[in-house]
$ cat protein-v6.txt   # compact mmCIF, N, CA and C atoms
# COMPACT_ATOMS: atom_id res chain seq x y z
N ILE A 1 0.84 -1.19 0.00
CA ILE A 1 0.00 0.00 0.00
C ILE A 1 0.88 1.25 0.00
N LYS A 2 1.91 1.24 0.85
CA LYS A 2 2.79 2.40 0.95
C LYS A 2 3.46 2.70 -0.39
N GLU A 3 3.94 1.66 -1.06
CA GLU A 3 4.61 1.86 -2.35
C GLU A 3 3.64 2.39 -3.40
N ALA A 4 2.43 1.86 -3.42
CA ALA A 4 1.43 2.33 -4.39
C ALA A 4 1.04 3.77 -4.10
N LEU A 5 0.90 4.13 -2.83
CA LEU A 5 0.59 5.52 -2.48
C LEU A 5 1.71 6.46 -2.92
N ALA A 6 2.95 6.03 -2.76
CA ALA A 6 4.09 6.86 -3.17
C ALA A 6 4.06 7.13 -4.67
N ARG A 7 3.49 6.19 -5.44
CA ARG A 7 3.37 6.36 -6.90
C ARG A 7 2.05 7.02 -7.29
N PHE A 8 1.24 7.38 -6.29
CA PHE A 8 -0.11 7.93 -6.55
C PHE A 8 -0.95 6.95 -7.37
N ASP A 9 -0.73 5.67 -7.13
CA ASP A 9 -1.44 4.60 -7.84
C ASP A 9 -2.64 4.17 -7.00
N PHE A 10 -3.67 5.00 -7.01
CA PHE A 10 -4.83 4.77 -6.15
C PHE A 10 -5.66 3.57 -6.57
N ARG A 11 -5.61 3.21 -7.83
CA ARG A 11 -6.32 2.01 -8.28
C ARG A 11 -5.74 0.77 -7.58
N THR A 12 -4.43 0.68 -7.52
CA THR A 12 -3.79 -0.44 -6.83
C THR A 12 -4.09 -0.39 -5.33
N VAL A 13 -4.02 0.78 -4.74
CA VAL A 13 -4.32 0.93 -3.31
C VAL A 13 -5.73 0.41 -3.03
N GLY A 14 -6.68 0.80 -3.88
CA GLY A 14 -8.06 0.36 -3.69
C GLY A 14 -8.20 -1.15 -3.71
N GLY A 15 -7.38 -1.81 -4.50
CA GLY A 15 -7.42 -3.27 -4.55
C GLY A 15 -6.75 -3.94 -3.35
N LEU A 16 -5.91 -3.20 -2.66
CA LEU A 16 -5.18 -3.76 -1.51
C LEU A 16 -5.86 -3.49 -0.18
N VAL A 17 -6.71 -2.50 -0.13
CA VAL A 17 -7.39 -2.13 1.12
C VAL A 17 -8.69 -2.91 1.24
N GLY A 18 -8.84 -3.59 2.35
CA GLY A 18 -10.04 -4.39 2.57
C GLY A 18 -10.90 -3.84 3.70
N ASP A 19 -11.94 -4.58 4.02
CA ASP A 19 -12.87 -4.16 5.07
C ASP A 19 -12.17 -3.96 6.42
N LYS A 20 -11.19 -4.80 6.71
CA LYS A 20 -10.47 -4.70 7.99
C LYS A 20 -9.79 -3.33 8.12
N GLU A 21 -9.11 -2.91 7.06
CA GLU A 21 -8.43 -1.61 7.10
C GLU A 21 -9.43 -0.46 7.14
N ILE A 22 -10.48 -0.57 6.37
CA ILE A 22 -11.50 0.48 6.36
C ILE A 22 -12.12 0.63 7.74
N ASP A 23 -12.47 -0.49 8.37
CA ASP A 23 -13.06 -0.43 9.71
C ASP A 23 -12.08 0.14 10.74
N ALA A 24 -10.79 -0.13 10.57
CA ALA A 24 -9.79 0.34 11.53
C ALA A 24 -9.55 1.84 11.44
N PHE A 25 -9.76 2.42 10.25
CA PHE A 25 -9.37 3.82 10.05
C PHE A 25 -10.52 4.76 9.72
N THR A 26 -11.76 4.29 9.81
CA THR A 26 -12.89 5.15 9.51
C THR A 26 -13.97 5.01 10.57
N ILE A 27 -14.79 6.03 10.65
CA ILE A 27 -15.98 6.00 11.50
C ILE A 27 -17.13 6.48 10.63
N ALA A 28 -18.18 5.69 10.55
CA ALA A 28 -19.34 6.07 9.74
C ALA A 28 -20.59 5.48 10.37
N GLY A 29 -21.71 6.13 10.11
CA GLY A 29 -22.97 5.59 10.59
C GLY A 29 -23.88 6.67 11.15
N THR A 30 -24.81 6.23 11.95
CA THR A 30 -25.75 7.14 12.59
C THR A 30 -25.02 7.92 13.68
N PRO A 31 -25.60 9.04 14.13
CA PRO A 31 -24.95 9.76 15.24
C PRO A 31 -24.69 8.86 16.45
N ASP A 32 -25.62 7.97 16.77
CA ASP A 32 -25.43 7.07 17.91
C ASP A 32 -24.26 6.11 17.70
N SER A 33 -24.15 5.54 16.49
CA SER A 33 -23.07 4.59 16.24
C SER A 33 -21.71 5.29 16.18
N VAL A 34 -21.68 6.51 15.63
CA VAL A 34 -20.43 7.28 15.60
C VAL A 34 -20.02 7.64 17.03
N LYS A 35 -20.97 8.07 17.85
CA LYS A 35 -20.69 8.40 19.25
C LYS A 35 -20.15 7.18 19.98
N GLN A 36 -20.75 6.02 19.75
CA GLN A 36 -20.30 4.80 20.42
C GLN A 36 -18.87 4.45 20.02
N LYS A 37 -18.55 4.55 18.74
CA LYS A 37 -17.19 4.24 18.29
C LYS A 37 -16.20 5.24 18.89
N CYS A 38 -16.56 6.52 18.93
CA CYS A 38 -15.69 7.52 19.55
C CYS A 38 -15.48 7.22 21.03
N ASP A 39 -16.55 6.85 21.72
CA ASP A 39 -16.44 6.49 23.13
C ASP A 39 -15.53 5.28 23.32
N ASP A 40 -15.68 4.27 22.46
CA ASP A 40 -14.84 3.07 22.53
C ASP A 40 -13.37 3.42 22.31
N LEU A 41 -13.10 4.29 21.34
CA LEU A 41 -11.73 4.70 21.07
C LEU A 41 -11.14 5.45 22.26
N THR A 42 -11.93 6.33 22.86
CA THR A 42 -11.47 7.09 24.02
C THR A 42 -11.15 6.16 25.18
N LYS A 43 -12.02 5.19 25.42
CA LYS A 43 -11.79 4.22 26.49
C LYS A 43 -10.55 3.38 26.24
N ALA A 44 -10.20 3.19 24.95
CA ALA A 44 -9.01 2.42 24.59
C ALA A 44 -7.73 3.25 24.66
N GLY A 45 -7.87 4.55 24.99
CA GLY A 45 -6.70 5.39 25.15
C GLY A 45 -6.45 6.41 24.06
N VAL A 46 -7.30 6.44 23.06
CA VAL A 46 -7.15 7.43 22.00
C VAL A 46 -7.43 8.81 22.58
N THR A 47 -6.56 9.77 22.30
CA THR A 47 -6.73 11.12 22.85
C THR A 47 -7.14 12.14 21.81
N GLN A 48 -7.05 11.79 20.53
CA GLN A 48 -7.46 12.71 19.47
C GLN A 48 -8.16 11.94 18.37
N ILE A 49 -9.26 12.47 17.89
CA ILE A 49 -9.99 11.91 16.75
C ILE A 49 -10.15 13.06 15.76
N ILE A 50 -9.76 12.82 14.53
CA ILE A 50 -9.85 13.85 13.49
C ILE A 50 -10.99 13.51 12.55
N PHE A 51 -11.91 14.44 12.39
CA PHE A 51 -13.01 14.27 11.45
C PHE A 51 -12.67 15.05 10.19
N GLY A 52 -12.68 14.37 9.07
CA GLY A 52 -12.33 15.03 7.81
C GLY A 52 -13.07 14.42 6.65
N SER A 53 -12.77 14.94 5.52
CA SER A 53 -13.43 14.55 4.29
C SER A 53 -13.16 13.08 3.97
N PRO A 54 -14.12 12.36 3.43
CA PRO A 54 -15.47 12.80 3.12
C PRO A 54 -16.36 12.74 4.35
N LEU A 55 -17.26 13.66 4.45
CA LEU A 55 -18.18 13.73 5.58
C LEU A 55 -19.61 13.37 5.17
N GLY A 56 -19.75 12.58 4.14
CA GLY A 56 -21.07 12.15 3.71
C GLY A 56 -21.63 13.02 2.60
N PRO A 57 -22.83 12.68 2.15
CA PRO A 57 -23.41 13.39 1.01
C PRO A 57 -23.78 14.84 1.31
N ASP A 58 -24.00 15.18 2.57
CA ASP A 58 -24.35 16.55 2.95
C ASP A 58 -23.36 17.02 4.01
N MET A 59 -22.25 17.61 3.57
CA MET A 59 -21.16 17.97 4.47
C MET A 59 -21.61 18.93 5.57
N VAL A 60 -22.42 19.91 5.22
CA VAL A 60 -22.87 20.89 6.22
C VAL A 60 -23.69 20.20 7.31
N ASN A 61 -24.59 19.32 6.92
CA ASN A 61 -25.39 18.60 7.90
C ASN A 61 -24.51 17.68 8.74
N SER A 62 -23.53 17.04 8.13
CA SER A 62 -22.63 16.17 8.88
C SER A 62 -21.87 16.95 9.94
N ILE A 63 -21.40 18.14 9.60
CA ILE A 63 -20.69 18.98 10.57
C ILE A 63 -21.64 19.40 11.69
N ARG A 64 -22.87 19.72 11.33
CA ARG A 64 -23.88 20.09 12.34
C ARG A 64 -24.12 18.92 13.30
N LEU A 65 -24.25 17.71 12.75
CA LEU A 65 -24.48 16.53 13.58
C LEU A 65 -23.28 16.24 14.49
N LEU A 66 -22.07 16.40 13.96
CA LEU A 66 -20.88 16.21 14.79
C LEU A 66 -20.89 17.18 15.97
N GLY A 67 -21.23 18.43 15.70
CA GLY A 67 -21.29 19.43 16.76
C GLY A 67 -22.37 19.14 17.78
N LYS A 68 -23.50 18.65 17.32
CA LYS A 68 -24.63 18.40 18.21
C LYS A 68 -24.45 17.14 19.05
N TYR A 69 -23.95 16.06 18.45
CA TYR A 69 -23.94 14.77 19.14
C TYR A 69 -22.56 14.29 19.60
N ILE A 70 -21.50 14.78 18.99
CA ILE A 70 -20.19 14.19 19.25
C ILE A 70 -19.26 15.12 20.02
N VAL A 71 -19.12 16.35 19.57
CA VAL A 71 -18.13 17.26 20.16
C VAL A 71 -18.63 17.83 21.46
$ encode --input "protein-v6.txt" --output "structure tokens"
Amino acid sequence: IKEALARFDFRTVGGLVGDKEIDAFTIAGTPDSVKQKCDDLTKAGVTQIIFGSPLGPDMVNSIRLLGKYIV
């Protein structure tokens, strides 16, 4: 994956990344499920969570939901 990323070969990267990696590095779902995953990460010792693009089909609403339910 690292070598393909260095070449900007995203097609190859896409073929190498599976569900396990996606689950390990992303948070997605309803506000309740996102809150639960954030809580689980915090309990496991994570001290910072970065929310960034993509934020779903409606970015403004996603940011509003993060502010209302998560932050």
$ closest_residue --input "protein-v6.txt" --among "A:Arg11, A:Ala28, A:Lys2, A:Lys35" --to "Gly52 (chain A)" --atoms "only C-alpha atoms"
A:Ala28
$ residues_around --input "protein-v6.txt" --residues "Ile50 (chain A)" --least-positions-apart "4" --cutoff "12 Å" --atoms "only C-alpha atoms" --output "ChimeraX atom specification"
/A:25-27,38,46,54-55,66,70-71
$ residues_around --input "protein-v6.txt" --residues "Glu3 (chain A)" --least-positions-apart "5" --cutoff "10 Å" --atoms "only C-alpha atoms" --output "list of chain:residue names"
A:Phe8, A:Asp9, A:Thr12, A:Val13
$ atom_distance --input "protein-v6.txt" --atom1 "atom C of Gly67 (chain A)" --atom2 "atom C of Asp40 (chain A)"
18.7 Å
$ atom_distance --input "protein-v6.txt" --atom1 "CA of Thr30 (chain A)" --atom2 "CA of Leu65 (chain A)"
9.5 Å
$ atom_distance --input "protein-v6.txt" --atom1 "atom C of Gly29 (chain A)" --atom2 "atom C of Phe10 (chain A)"
25.6 Å
$ select_by_dssp --input "protein-v6.txt" --residues "chain A" --states "helix (DSSP H, G or I)" --output "ChimeraX atom specification"
/A:2-6,10-16,19-25,31-43,59-70
$ residues_around --input "protein-v6.txt" --residues "Tyr69 (chain A)" --least-positions-apart "4" --cutoff "12 Å" --atoms "only C-alpha atoms" --output "count of residues only"
14
